[in-house]
file my_file_22.cif (mmCIF, C-alpha atoms)
data_input
#
loop_
_atom_site.label_atom_id
_atom_site.label_comp_id
_atom_site.auth_asym_id
_atom_site.auth_seq_id
_atom_site.Cartn_x
_atom_site.Cartn_y
_atom_site.Cartn_z
CA MET A 1298 144.95 119.65 99.83
CA SER A 1299 148.64 118.69 99.79
CA GLU A 1300 149.30 121.05 96.89
CA THR A 1301 147.80 123.94 98.82
CA LEU A 1302 149.77 122.99 101.92
CA ASP A 1303 153.02 122.94 99.95
CA GLN A 1304 152.39 126.52 98.88
CA LYS A 1305 152.23 127.69 102.48
CA PRO A 1306 155.34 129.06 104.24
CA THR A 1307 156.51 127.95 107.68
CA ILE A 1308 156.76 130.51 110.48
CA GLY A 1309 160.13 130.13 112.20
CA PRO A 1310 160.83 130.61 115.95
CA LYS A 1311 162.15 134.17 115.57
CA GLU A 1312 159.07 135.34 113.68
CA GLN A 1313 156.79 133.48 116.09
CA ILE A 1314 158.35 135.50 118.91
CA GLY A 1315 157.82 138.70 116.95
CA LEU A 1316 154.18 138.02 116.06
CA ILE A 1317 153.23 136.77 119.53
CA GLY A 1318 155.09 139.55 121.33
CA LEU A 1319 153.54 142.20 119.08
CA LEU A 1320 150.02 140.93 119.71
CA LEU A 1321 150.53 140.72 123.47
CA SER A 1322 152.02 144.20 123.73
CA ALA A 1323 149.24 145.80 121.67
CA PHE A 1324 146.42 143.75 123.21
CA SER A 1325 147.38 143.85 126.89
CA ALA A 1326 144.48 146.08 127.99
CA PRO A 1327 141.67 143.78 126.76
CA PHE A 1328 143.37 140.91 128.64
CA THR A 1329 142.75 142.72 131.95
CA MET A 1330 139.38 144.25 131.10
CA ALA A 1331 137.71 142.99 134.29
CA PHE A 1332 140.24 144.82 136.48
CA LEU A 1333 140.22 147.93 134.33
CA ILE A 1334 136.48 148.49 134.38
CA GLY A 1335 136.57 147.96 138.14
CA ALA A 1336 139.25 150.66 138.38
CA VAL A 1337 137.21 153.00 136.18
CA ALA A 1338 134.14 152.33 138.35
CA ASP A 1339 136.14 153.33 141.44
CA GLU A 1340 137.48 156.43 139.63
CA PHE A 1341 134.02 157.58 138.49
CA VAL A 1342 131.92 156.50 141.46
CA ASN A 1343 128.62 157.85 140.10
CA SER A 1344 128.71 155.61 137.01
CA THR A 1345 126.34 152.65 136.59
CA ARG A 1346 127.33 149.09 135.67
CA GLY A 1347 125.82 149.67 132.25
CA GLU A 1348 127.98 152.74 131.66
CA ILE A 1349 131.12 150.97 132.86
CA GLY A 1350 130.31 147.99 130.66
CA THR A 1351 129.95 150.38 127.73
CA ILE A 1352 133.66 151.22 128.03
CA ALA A 1353 134.54 147.62 127.27
CA THR A 1354 131.88 147.50 124.56
CA LEU A 1355 133.25 150.53 122.71
CA GLU A 1356 136.85 149.32 122.83
CA LEU A 1357 136.02 145.80 121.70
CA PHE A 1358 133.58 146.97 119.05
CA SER A 1359 136.23 149.21 117.49
CA ILE A 1360 138.59 146.22 117.48
CA SER A 1361 135.88 144.20 115.73
CA ILE A 1362 135.18 146.75 112.98
CA VAL A 1363 138.85 147.24 112.14
CA SER A 1364 139.45 143.49 112.20
CA ILE A 1365 136.68 142.97 109.65
CA LEU A 1366 138.14 145.64 107.36
CA ILE A 1367 141.62 144.14 107.62
CA SER A 1368 140.40 140.56 107.09
CA ARG A 1369 138.73 141.52 103.81
CA ASN A 1370 141.89 143.21 102.52
CA THR A 1371 144.77 141.06 103.73
CA HIS A 1372 146.04 140.74 100.15
CA ARG A 1373 146.32 144.52 99.75
CA ILE A 1374 147.84 145.79 102.98
CA ASN A 1375 151.47 146.62 103.77
CA ARG A 1376 151.97 144.67 106.98
CA ARG A 1377 154.97 146.66 108.21
CA LEU A 1378 153.10 149.96 107.80
CA VAL A 1379 149.98 148.58 109.48
CA PHE A 1380 151.97 147.33 112.47
CA ILE A 1381 153.84 150.62 112.98
CA LEU A 1382 150.83 152.92 112.59
CA ALA A 1383 148.60 150.67 114.71
CA ALA A 1384 151.17 150.51 117.52
CA ILE A 1385 151.28 154.33 117.58
CA ILE A 1386 147.47 154.48 117.76
CA VAL A 1387 147.34 151.99 120.67
CA ALA A 1388 149.89 154.03 122.63
CA LEU A 1389 147.92 157.22 121.90
CA GLY A 1390 144.71 155.65 123.22
CA HIS A 1391 146.37 154.59 126.48
CA SER A 1392 147.90 158.06 126.92
CA LEU A 1393 144.54 159.78 126.45
CA THR A 1394 142.93 157.43 128.98
CA ILE A 1395 145.49 158.33 131.64
CA TYR A 1396 144.66 162.05 131.32
CA ALA A 1397 140.90 161.61 130.81
CA PRO A 1398 138.98 164.16 132.92
CA ASP A 1399 135.60 162.44 132.55
CA LEU A 1400 133.91 159.24 131.44
CA ASN A 1401 133.14 160.50 127.93
CA THR A 1402 136.85 161.08 127.31
CA VAL A 1403 137.55 157.54 128.47
CA PHE A 1404 135.01 156.30 125.91
CA ILE A 1405 136.84 158.14 123.09
CA ALA A 1406 140.29 157.06 124.26
CA ARG A 1407 139.33 153.38 124.42
CA ILE A 1408 137.85 153.53 120.90
CA ILE A 1409 141.15 154.93 119.62
CA SER A 1410 143.14 152.20 121.36
CA GLY A 1411 140.77 149.55 120.00
CA ILE A 1412 141.33 150.71 116.43
CA GLY A 1413 145.07 150.08 116.73
CA SER A 1414 144.63 146.76 118.54
CA GLY A 1415 142.16 145.50 115.93
CA ALA A 1416 144.51 146.26 113.03
CA ILE A 1417 147.37 144.42 114.69
CA VAL A 1418 145.49 141.32 115.82
CA ALA A 1419 143.70 140.77 112.47
CA THR A 1420 146.92 141.15 110.47
CA ILE A 1421 148.74 138.73 112.78
CA MET A 1422 145.94 136.14 112.56
CA ALA A 1423 145.97 136.31 108.76
CA THR A 1424 149.76 135.90 108.72
CA ILE A 1425 149.64 132.82 110.94
CA ALA A 1426 146.74 131.20 109.06
CA LYS A 1427 148.77 131.25 105.82
CA ALA A 1428 151.49 129.07 107.37
CA GLN A 1429 151.95 125.31 107.31
CA ASN A 1430 152.39 125.30 111.10
CA ALA A 1431 149.30 127.47 111.73
CA GLN A 1432 147.70 125.38 114.48
CA MET A 1433 150.91 125.08 116.51
CA THR A 1434 151.58 128.80 116.12
CA PHE A 1435 148.03 129.60 117.23
CA ALA A 1436 148.63 127.34 120.24
CA LEU A 1437 151.88 129.16 121.09
CA LEU A 1438 150.05 132.46 120.67
CA ASN A 1439 147.35 131.48 123.16
CA SER A 1440 149.95 130.14 125.57
CA GLY A 1441 151.60 133.54 125.29
CA VAL A 1442 148.26 135.06 126.24
CA GLY A 1443 148.33 132.85 129.32
CA ALA A 1444 151.83 133.96 130.25
CA ALA A 1445 150.87 137.61 129.78
CA GLY A 1446 147.74 136.95 131.82
CA VAL A 1447 149.83 135.68 134.74
CA LEU A 1448 152.11 138.70 134.67
CA LEU A 1449 149.36 141.28 134.21
CA SER A 1450 147.08 139.66 136.80
CA LEU A 1451 149.84 139.94 139.38
CA VAL A 1452 150.89 143.48 138.41
CA ILE A 1453 147.71 145.37 137.42
CA PRO A 1454 145.65 144.75 140.63
CA ARG A 1455 148.57 145.87 142.79
CA ILE A 1456 149.05 148.98 140.67
CA ILE A 1457 145.31 149.72 140.88
CA SER A 1458 145.33 149.36 144.66
CA ILE A 1459 148.03 152.06 144.86
CA TYR A 1460 147.66 154.31 141.80
CA GLY A 1461 144.13 153.55 140.60
CA MET A 1462 142.98 153.69 136.98
CA ASP A 1463 145.79 155.98 135.79
CA GLY A 1464 148.49 153.65 137.09
CA ALA A 1465 146.91 150.64 135.37
CA TYR A 1466 146.75 152.32 131.99
CA PHE A 1467 150.31 153.59 132.39
CA ILE A 1468 151.47 149.96 132.64
CA HIS A 1469 149.54 149.18 129.46
CA LEU A 1470 151.17 152.18 127.78
CA VAL A 1471 154.59 150.74 128.63
CA PHE A 1472 153.54 147.38 127.21
CA SER A 1473 152.30 149.01 123.99
CA LEU A 1474 155.68 150.63 123.40
CA LEU A 1475 157.30 147.17 123.35
CA ALA A 1476 155.43 146.59 120.07
CA PHE A 1477 158.08 148.54 118.18
CA LEU A 1478 160.73 146.12 119.44
CA PHE A 1479 158.81 143.00 118.38
CA ILE A 1480 158.16 144.39 114.89
CA LEU A 1481 161.92 144.03 114.29
CA PHE A 1482 161.60 140.24 114.69
CA ILE A 1483 159.05 139.90 111.88
CA SER A 1484 160.02 139.11 108.30
CA PHE A 1485 158.14 141.05 105.62
CA GLU A 1486 159.74 139.33 102.63
CA LYS A 1487 156.65 137.14 102.16
CA ASP A 1488 154.56 140.16 101.14
CA SER A 1489 154.96 139.39 97.45
CA SER A 1490 152.51 139.48 94.55
CA GLU A 1491 153.22 135.82 93.85
CA GLU A 1492 151.88 134.79 97.25
CA LYS A 1493 148.79 136.94 96.81
CA THR A 1494 147.75 135.22 93.60
CA THR A 1495 148.43 131.54 94.32
CA LEU A 1496 145.85 130.93 97.05
CA LYS A 1497 142.10 130.86 96.38
CA PRO A 1498 139.77 132.50 98.94
CA TYR A 1499 137.09 130.50 100.74
CA LYS A 1500 133.73 130.70 98.93
CA GLY A 1501 131.59 128.66 101.35
CA LYS A 1502 129.06 129.84 103.93
CA LEU A 1503 129.35 127.35 106.81
CA GLY A 1504 132.68 128.74 107.97
CA TRP A 1505 131.10 132.17 108.34
CA ILE A 1506 128.11 130.69 110.17
CA ALA A 1507 130.59 129.13 112.61
CA MET A 1508 132.18 132.56 113.06
CA PHE A 1509 128.81 133.97 114.11
CA GLY A 1510 128.58 131.08 116.56
CA VAL A 1511 131.92 132.23 117.97
CA ALA A 1512 130.50 135.75 118.33
CA PHE A 1513 127.55 134.38 120.34
CA ALA A 1514 129.83 132.31 122.58
CA PHE A 1515 132.18 135.22 123.29
CA PHE A 1516 129.22 137.54 123.84
CA ALA A 1517 128.14 135.29 126.69
CA HIS A 1518 131.61 134.46 128.01
CA GLY A 1519 133.03 137.99 127.79
CA GLY A 1520 129.90 139.63 129.15
CA LEU A 1521 130.04 137.46 132.26
CA LEU A 1522 133.81 137.37 132.75
CA THR A 1523 134.04 141.16 132.46
CA PHE A 1524 132.04 141.45 135.68
CA SER A 1525 133.89 138.68 137.53
CA GLU A 1526 135.87 141.33 139.42
CA ARG A 1527 132.58 142.88 140.61
CA ILE A 1528 131.28 139.41 141.55
CA GLY A 1529 134.42 138.82 143.60
CA ALA A 1530 134.09 142.25 145.22
CA GLY A 1531 130.57 141.24 146.28
CA LEU A 1532 132.14 138.30 148.13
CA ASP A 1533 134.54 140.70 149.90
CA ILE A 1534 137.53 139.35 147.97
CA SER A 1535 140.29 141.96 147.65
CA VAL A 1536 141.48 143.08 144.22
CA ILE A 1537 144.97 141.68 144.93
CA THR A 1538 143.53 138.26 145.86
CA MET A 1539 141.47 138.31 142.66
CA GLY A 1540 144.65 139.12 140.77
CA ASN A 1541 146.23 135.97 142.21
CA VAL A 1542 143.16 133.98 141.12
CA PHE A 1543 143.43 135.32 137.56
CA ALA A 1544 147.17 134.59 137.61
CA LEU A 1545 146.34 130.95 138.40
CA GLY A 1546 144.04 130.96 135.39
CA GLY A 1547 146.90 132.36 133.33
CA LEU A 1548 149.15 129.47 134.39
CA LEU A 1549 146.51 127.03 133.20
CA THR A 1550 146.23 128.99 129.96
CA ILE A 1551 149.93 128.56 129.24
CA VAL A 1552 149.66 124.77 129.34
CA GLY A 1553 146.19 124.31 127.81
CA PRO A 1554 146.78 125.70 124.30
CA LEU A 1555 150.15 123.91 124.07
CA ILE A 1556 148.32 120.64 124.64
CA ALA A 1557 145.94 121.63 121.83
CA GLY A 1558 148.91 122.41 119.58
CA PHE A 1559 150.63 119.09 120.22
CA ILE A 1560 147.38 117.19 119.69
CA GLY A 1561 147.10 119.02 116.37
CA SER A 1562 144.32 117.82 114.09
CA ARG A 1563 144.04 114.39 115.75
CA PHE A 1564 140.57 115.19 117.10
CA GLY A 1565 139.62 117.60 114.34
CA SER A 1566 137.86 120.85 115.09
CA MET A 1567 134.23 119.89 115.74
CA LYS A 1568 134.56 117.54 118.75
CA PRO A 1569 136.84 119.86 120.76
CA SER A 1570 134.48 122.77 119.96
CA ILE A 1571 131.47 120.89 121.36
CA PHE A 1572 133.47 119.85 124.42
CA PHE A 1573 134.69 123.33 125.35
CA LEU A 1574 131.38 125.06 124.64
CA ALA A 1575 129.61 122.54 126.90
CA LEU A 1576 132.10 123.29 129.67
CA MET A 1577 131.48 127.02 129.16
CA VAL A 1578 127.76 126.46 129.76
CA ILE A 1579 128.50 124.72 133.06
CA GLY A 1580 131.11 127.30 134.07
CA SER A 1581 128.69 130.18 133.43
CA PHE A 1582 126.39 128.91 136.16
CA PHE A 1583 129.07 128.62 138.84
CA VAL A 1584 130.80 131.93 138.04
CA ALA A 1585 127.58 133.96 138.05
CA ASN A 1586 126.20 132.23 141.15
CA ALA A 1587 129.44 131.95 143.13
CA TRP A 1588 128.08 131.66 146.66
CA SER A 1589 131.44 131.51 148.41
CA PRO A 1590 135.03 132.62 147.79
CA LEU A 1591 136.02 128.97 147.26
CA ILE A 1592 133.60 128.59 144.35
CA PHE A 1593 135.00 131.82 142.88
CA TYR A 1594 138.61 130.64 143.28
CA VAL A 1595 137.89 127.32 141.55
CA PHE A 1596 135.63 128.28 138.66
CA VAL A 1597 136.79 131.73 137.54
CA PRO A 1598 140.27 130.53 136.42
CA ILE A 1599 138.77 127.51 134.65
CA PHE A 1600 136.07 129.62 132.98
CA GLY A 1601 138.66 132.09 131.73
CA LEU A 1602 140.80 129.25 130.33
CA LEU A 1603 138.14 127.50 128.25
CA PRO A 1604 137.83 129.75 125.16
CA ILE A 1605 141.60 130.24 124.95
CA MET A 1606 142.19 126.48 124.96
CA TRP A 1607 139.39 126.01 122.42
CA THR A 1608 140.70 128.65 119.98
CA PRO A 1609 143.65 126.69 118.48
CA PHE A 1610 141.33 123.83 117.56
CA PHE A 1611 138.80 126.18 115.98
CA LEU A 1612 141.37 128.30 114.14
CA GLY A 1613 143.14 125.19 112.90
CA GLY A 1614 139.89 124.20 111.25
CA MET A 1615 139.32 127.66 109.79
CA ALA A 1616 142.88 127.76 108.40
CA ASN A 1617 142.12 124.40 106.78
CA LEU A 1618 138.96 125.80 105.20
CA ASP A 1619 140.60 129.00 103.90
CA SER A 1620 144.28 128.83 103.01
CA THR A 1621 144.45 132.59 102.27
CA GLY A 1622 144.03 133.34 105.98
CA ARG A 1623 141.08 135.70 105.49
CA LEU A 1624 138.67 133.52 107.46
CA ALA A 1625 141.09 133.25 110.38
CA ALA A 1626 141.83 136.99 110.13
CA ALA A 1627 138.12 137.63 110.65
CA HIS A 1628 138.13 135.54 113.85
CA PRO A 1629 139.19 138.46 116.11
CA ALA A 1630 136.41 140.54 114.59
CA PHE A 1631 133.75 138.01 115.55
CA VAL A 1632 135.33 137.38 118.96
CA THR A 1633 135.39 141.07 119.78
CA MET A 1634 132.01 141.69 118.12
CA GLY A 1635 130.43 139.34 120.63
CA GLY A 1636 132.74 140.45 123.40
CA ALA A 1637 131.92 144.09 122.66
CA ILE A 1638 128.18 143.68 122.99
CA GLY A 1639 128.48 141.45 126.05
CA PRO A 1640 129.75 143.88 128.73
CA MET A 1641 127.18 146.58 127.92
CA VAL A 1642 124.20 144.22 127.62
CA MET A 1643 125.20 142.12 130.62
CA GLY A 1644 125.87 145.31 132.60
CA TYR A 1645 122.32 146.50 132.11
CA ILE A 1646 120.95 142.99 132.75
CA SER A 1647 122.85 142.89 136.06
CA ASP A 1648 121.48 146.35 136.96
CA PHE A 1649 117.97 144.88 136.75
CA GLY A 1650 118.37 141.22 137.72
CA GLY A 1651 121.76 140.76 139.34
CA PHE A 1652 124.64 138.56 138.28
CA SER A 1653 122.60 135.36 138.62
CA LEU A 1654 120.40 136.47 135.71
CA VAL A 1655 123.55 137.27 133.72
CA GLY A 1656 124.63 133.66 134.23
CA TRP A 1657 121.37 132.21 132.92
CA VAL A 1658 121.43 134.49 129.87
CA ALA A 1659 125.05 133.45 129.20
CA MET A 1660 124.15 129.75 129.39
CA ILE A 1661 121.28 130.10 126.91
CA ILE A 1662 123.38 132.07 124.41
CA ILE A 1663 126.26 129.56 124.49
CA ILE A 1664 123.81 126.72 123.88
CA ILE A 1665 122.47 128.64 120.84
CA SER A 1666 126.03 129.00 119.51
CA ILE A 1667 126.81 125.26 119.53
CA PRO A 1668 124.96 124.18 116.33
CA MET A 1669 126.35 127.24 114.50
CA VAL A 1670 129.92 126.31 115.41
CA ILE A 1671 129.28 122.66 114.51
CA SER A 1672 128.24 123.61 110.96
CA GLY A 1673 131.63 125.14 110.07
CA THR A 1674 133.90 122.86 112.07
CA LYS A 1675 132.25 119.77 110.60
CA GLU A 1676 133.00 121.06 107.09
CA ALA A 1677 136.60 121.77 108.13
CA ASP A 1678 137.05 118.24 109.49
CA GLN A 1679 135.80 116.76 106.24
CA LYS A 1680 138.77 118.36 104.45
CA LEU A 1681 141.36 116.72 106.69
#
call {"tool": "encode", "arguments": {"input": "my_file_22.cif", "output": "structure tokens"}}
result
Amino acid sequence: MSETLDQKPTIGPKEQIGLIGLLLSAFSAPFTMAFLIGAVADEFVNSTRGEIGTIATLELFSISIVSILISRNTHRINRRLVFILAAIIVALGHSLTIYAPDLNTVFIARIISGIGSGAIVATIMATIAKAQNAQMTFALLNSGVGAAGVLLSLVIPRIISIYGMDGAYFIHLVFSLLAFLFILFISFEKDSSEEKTTLKPYKGKLGWIAMFGVAFAFFAHGGLLTFSERIGAGLDISVITMGNVFALGGLLTIVGPLIAGFIGSRFGSMKPSIFFLALMVIGSFFVANAWSPLIFYVFVPIFGLLPIMWTPFFLGGMANLDSTGRLAAAHPAFVTMGGAIGPMVMGYISDFGGFSLVGWVAMIIIIISIPMVISGTKEADQKL
């Protein structure tokens, strides 16, 4: 173990800024998916919840497919080229969305954007997982997600209230163009043949079983959280007030992953995974059945925080299992695979049984995911 660790590079502060900034700029739209599908629903008033949920499904599914392809070929790709081309594709997808005349065009535009986002996030995850300070960098990354969540949750709802869907995606277009700036912070000197041949890929199965558990958990979590804006609208909460609620969740998300990073491997990967998944089961009930604005204000920020705080612990374990970074690079694919199916399926479930039924389905699916996640995280902890 120590020999493998010695072979790993350390990601310095400048490159951490570049990697985190690049991911946030390219991935800003999925961070505000709940607001965006609400804006699309208001733009195309004849659409059903299932159709609106399909928008999120198509974007996230395209992210998932590209992430899988990248994760299997991290040793072959030119990272600089991937980052530049993917950033262009993300910007193109946002531009097409702004000028979309109908819902079918929105579907196509979001698929295009998802392709670029998936290439960037998978390549970044693989890069981080190969480092000695992987868990702390993952923690900083998720704290960055929290900071971006605060900013976007304050800005996007206000833009939507004035300029609607087009205004929201214009803000995301501006964010995507910042990717080209952050690429300049990243060192590409580590892309050498020597590095590609020194690390052995993970040959086990339990880590991949745990990844499928992650897909189940994010299917449930993402499918429910995507409709949180609609749940709040049903309680007569304004979109700006909901933005403030999500901003509060973002503040919590800044602190939570940092705590996970400082704790490091002290508690391993399995125990924190069980803890956060159990909290997600409880949170699913209160979010889906929010019977008053107060319940919504309390539980939606906490529910949104839980998987982001859990991720550094889980990815730390996966980086420990597979020092090449391929297992961690596949993580976004499984996250978005589950998250992609969730909005569409939960949208149709809510059409038939309301959001309360969505909550019960989410609880059952998260419970199913727990033993799958335990299998891989337990193996990871045994290698500590």
call {"tool": "atom_distance", "arguments": {"input": "my_file_22.cif", "atom1": "CA of Met1422 in chain A", "atom2": "CA of Ile1663 in chain A"}}
result
23.9 Å
call {"tool": "resolve_selection", "arguments": {"input": "my_file_22.cif", "expression": "the PyMOL selection byres ((chain A and resi 1441) around 9)", "output": "list in words"}}
result
Ile1317, Gly1318, Leu1321, Ala1436, Leu1437, Leu1438, Asn1439, Ser1440, Val1442, Gly1443, Ala1444, Ala1445, Gly1446, Thr1550 and Ile1551 of chain A
call {"tool": "atom_distance", "arguments": {"input": "my_file_22.cif", "atom1": "CA of Ser1368 in chain A", "atom2": "CA of Ala1416 in chain A"}}
result
9.2 Å
call {"tool": "closest_atom_pairs", "arguments": {"input": "my_file_22.cif", "of": "range 1474-1544 of chain A", "to": "range 1326-1346 of chain A", "cutoff": "10 Å", "atoms": "all atoms listed in the file", "output": "JSON lines"}}
result
{"residue": "A:Gly1519", "atom": "CA", "partner": "A:Ala1331", "partner_atom": "CA", "distance": 9.4}
{"residue": "A:Gly1520", "atom": "CA", "partner": "A:Ala1331", "partner_atom": "CA", "distance": 9.9}
{"residue": "A:Leu1521", "atom": "CA", "partner": "A:Ala1331", "partner_atom": "CA", "distance": 9.7}
{"residue": "A:Leu1522", "atom": "CA", "partner": "A:Ala1331", "partner_atom": "CA", "distance": 7.0}
{"residue": "A:Thr1523", "atom": "CA", "partner": "A:Ala1331", "partner_atom": "CA", "distance": 4.5}
{"residue": "A:Phe1524", "atom": "CA", "partner": "A:Ala1331", "partner_atom": "CA", "distance": 6.0}
{"residue": "A:Ser1525", "atom": "CA", "partner": "A:Ala1331", "partner_atom": "CA", "distance": 6.6}
{"residue": "A:Glu1526", "atom": "CA", "partner": "A:Ala1331", "partner_atom": "CA", "distance": 5.7}
{"residue": "A:Arg1527", "atom": "CA", "partner": "A:Gly1335", "partner_atom": "CA", "distance": 6.9}
{"residue": "A:Ala1530", "atom": "CA", "partner": "A:Gly1335", "partner_atom": "CA", "distance": 9.4}
{"residue": "A:Val1536", "atom": "CA", "partner": "A:Phe1332", "partner_atom": "CA", "distance": 8.0}
{"residue": "A:Met1539", "atom": "CA", "partner": "A:Phe1332", "partner_atom": "CA", "distance": 9.1}
{"residue": "A:Gly1540", "atom": "CA", "partner": "A:Phe1332", "partner_atom": "CA", "distance": 8.4}
{"residue": "A:Phe1543", "atom": "CA", "partner": "A:Thr1329", "partner_atom": "CA", "distance": 9.3}
call {"tool": "residues_around", "arguments": {"input": "my_file_22.cif", "residues": "Ala1512 in chain A", "least_positions_apart": "2", "cutoff": "6 Å", "atoms": "all atoms listed in the file", "output": "JSON, numbers by chain"}}
result
{"A": [1509, 1510, 1514, 1515, 1516, 1631, 1632, 1635]}
call {"tool": "closest_residue", "arguments": {"input": "my_file_22.cif", "among": "A:Ile1456, A:Ile1349, A:Ile1374, A:Ile1362", "to": "Val1403 in chain A", "atoms": "only C-alpha atoms"}}
result
A:Ile1349
call {"tool": "atom_distance", "arguments": {"input": "my_file_22.cif", "atom1": "CA of Tyr1466 in chain A", "atom2": "CA of Ile1638 in chain A"}}
result
22.4 Å
call {"tool": "residues_around", "arguments": {"input": "my_file_22.cif", "residues": "Ile1646 in chain A", "least_positions_apart": "6", "cutoff": "12 Å", "atoms": "all atoms listed in the file", "output": "PyMOL selection string"}}
result
chain A and resi 1345-1347+1350+1520-1521+1524+1639-1640+1652-1659
call {"tool": "closest_residue", "arguments": {"input": "my_file_22.cif", "among": "A:Ile1408, A:Ala1476, A:Leu1316, A:Val1595", "to": "Leu1357 in chain A", "atoms": "all atoms listed in the file"}}
result
A:Ile1408
call {"tool": "decode", "arguments": {"input": "my_file_22.cif", "residues": "range 1357-1363 of chain A", "atoms": "all heavy atoms", "output": "PDB file, in the first residue's frame"}}
result
ATOM      1  N   LEU A1357     -28.711  14.096 -17.831  1.00  0.00           N
ATOM      2  CA  LEU A1357     -27.912  13.306 -16.898  1.00  0.00           C
ATOM      3  C   LEU A1357     -27.498  11.967 -17.497  1.00  0.00           C
ATOM      4  O   LEU A1357     -26.401  11.464 -17.223  1.00  0.00           O
ATOM      5  CB  LEU A1357     -28.699  13.096 -15.598  1.00  0.00           C
ATOM      6  CG  LEU A1357     -28.978  14.368 -14.791  1.00  0.00           C
ATOM      7  CD1 LEU A1357     -29.894  14.065 -13.610  1.00  0.00           C
ATOM      8  CD2 LEU A1357     -27.690  15.005 -14.314  1.00  0.00           C
ATOM      9  N   PHE A1358     -28.357  11.387 -18.323  1.00  0.00           N
ATOM     10  CA  PHE A1358     -28.006  10.110 -18.939  1.00  0.00           C
ATOM     11  C   PHE A1358     -26.856  10.275 -19.924  1.00  0.00           C
ATOM     12  O   PHE A1358     -25.973   9.409 -20.023  1.00  0.00           O
ATOM     13  CB  PHE A1358     -29.226   9.511 -19.643  1.00  0.00           C
ATOM     14  CG  PHE A1358     -29.064   8.061 -19.995  1.00  0.00           C
ATOM     15  CD1 PHE A1358     -28.913   7.108 -19.000  1.00  0.00           C
ATOM     16  CD2 PHE A1358     -29.065   7.629 -21.313  1.00  0.00           C
ATOM     17  CE1 PHE A1358     -28.761   5.764 -19.304  1.00  0.00           C
ATOM     18  CE2 PHE A1358     -28.920   6.291 -21.635  1.00  0.00           C
ATOM     19  CZ  PHE A1358     -28.770   5.357 -20.628  1.00  0.00           C
ATOM     20  N   SER A1359     -26.835  11.388 -20.646  1.00  0.00           N
ATOM     21  CA  SER A1359     -25.714  11.639 -21.560  1.00  0.00           C
ATOM     22  C   SER A1359     -24.423  11.858 -20.782  1.00  0.00           C
ATOM     23  O   SER A1359     -23.347  11.417 -21.201  1.00  0.00           O
ATOM     24  CB  SER A1359     -26.013  12.839 -22.467  1.00  0.00           C
ATOM     25  OG  SER A1359     -26.195  14.019 -21.719  1.00  0.00           O
ATOM     26  N   ILE A1360     -24.523  12.523 -19.626  1.00  0.00           N
ATOM     27  CA  ILE A1360     -23.363  12.667 -18.747  1.00  0.00           C
ATOM     28  C   ILE A1360     -22.853  11.296 -18.319  1.00  0.00           C
ATOM     29  O   ILE A1360     -21.653  11.022 -18.321  1.00  0.00           O
ATOM     30  CB  ILE A1360     -23.721  13.521 -17.503  1.00  0.00           C
ATOM     31  CG1 ILE A1360     -24.003  14.963 -17.906  1.00  0.00           C
ATOM     32  CG2 ILE A1360     -22.588  13.477 -16.463  1.00  0.00           C
ATOM     33  CD1 ILE A1360     -24.555  15.818 -16.770  1.00  0.00           C
ATOM     34  N   SER A1361     -23.797  10.414 -17.970  1.00  0.00           N
ATOM     35  CA  SER A1361     -23.442   9.083 -17.490  1.00  0.00           C
ATOM     36  C   SER A1361     -22.715   8.262 -18.554  1.00  0.00           C
ATOM     37  O   SER A1361     -21.664   7.663 -18.284  1.00  0.00           O
ATOM     38  CB  SER A1361     -24.703   8.344 -17.041  1.00  0.00           C
ATOM     39  OG  SER A1361     -24.406   7.033 -16.641  1.00  0.00           O
ATOM     40  N   ILE A1362     -23.254   8.247 -19.766  1.00  0.00           N
ATOM     41  CA  ILE A1362     -22.653   7.444 -20.836  1.00  0.00           C
ATOM     42  C   ILE A1362     -21.236   7.908 -21.140  1.00  0.00           C
ATOM     43  O   ILE A1362     -20.300   7.101 -21.244  1.00  0.00           O
ATOM     44  CB  ILE A1362     -23.526   7.510 -22.107  1.00  0.00           C
ATOM     45  CG1 ILE A1362     -24.857   6.788 -21.865  1.00  0.00           C
ATOM     46  CG2 ILE A1362     -22.799   6.886 -23.298  1.00  0.00           C
ATOM     47  CD1 ILE A1362     -25.839   6.924 -23.012  1.00  0.00           C
ATOM     48  N   VAL A1363     -21.060   9.224 -21.271  1.00  0.00           N
ATOM     49  CA  VAL A1363     -19.730   9.754 -21.578  1.00  0.00           C
ATOM     50  C   VAL A1363     -18.770   9.506 -20.419  1.00  0.00           C
ATOM     51  O   VAL A1363     -17.592   9.190 -20.630  1.00  0.00           O
ATOM     52  CB  VAL A1363     -19.811  11.260 -21.916  1.00  0.00           C
ATOM     53  CG1 VAL A1363     -18.421  11.852 -22.115  1.00  0.00           C
ATOM     54  CG2 VAL A1363     -20.650  11.465 -23.173  1.00  0.00           C
TER      55      VAL A1363
END
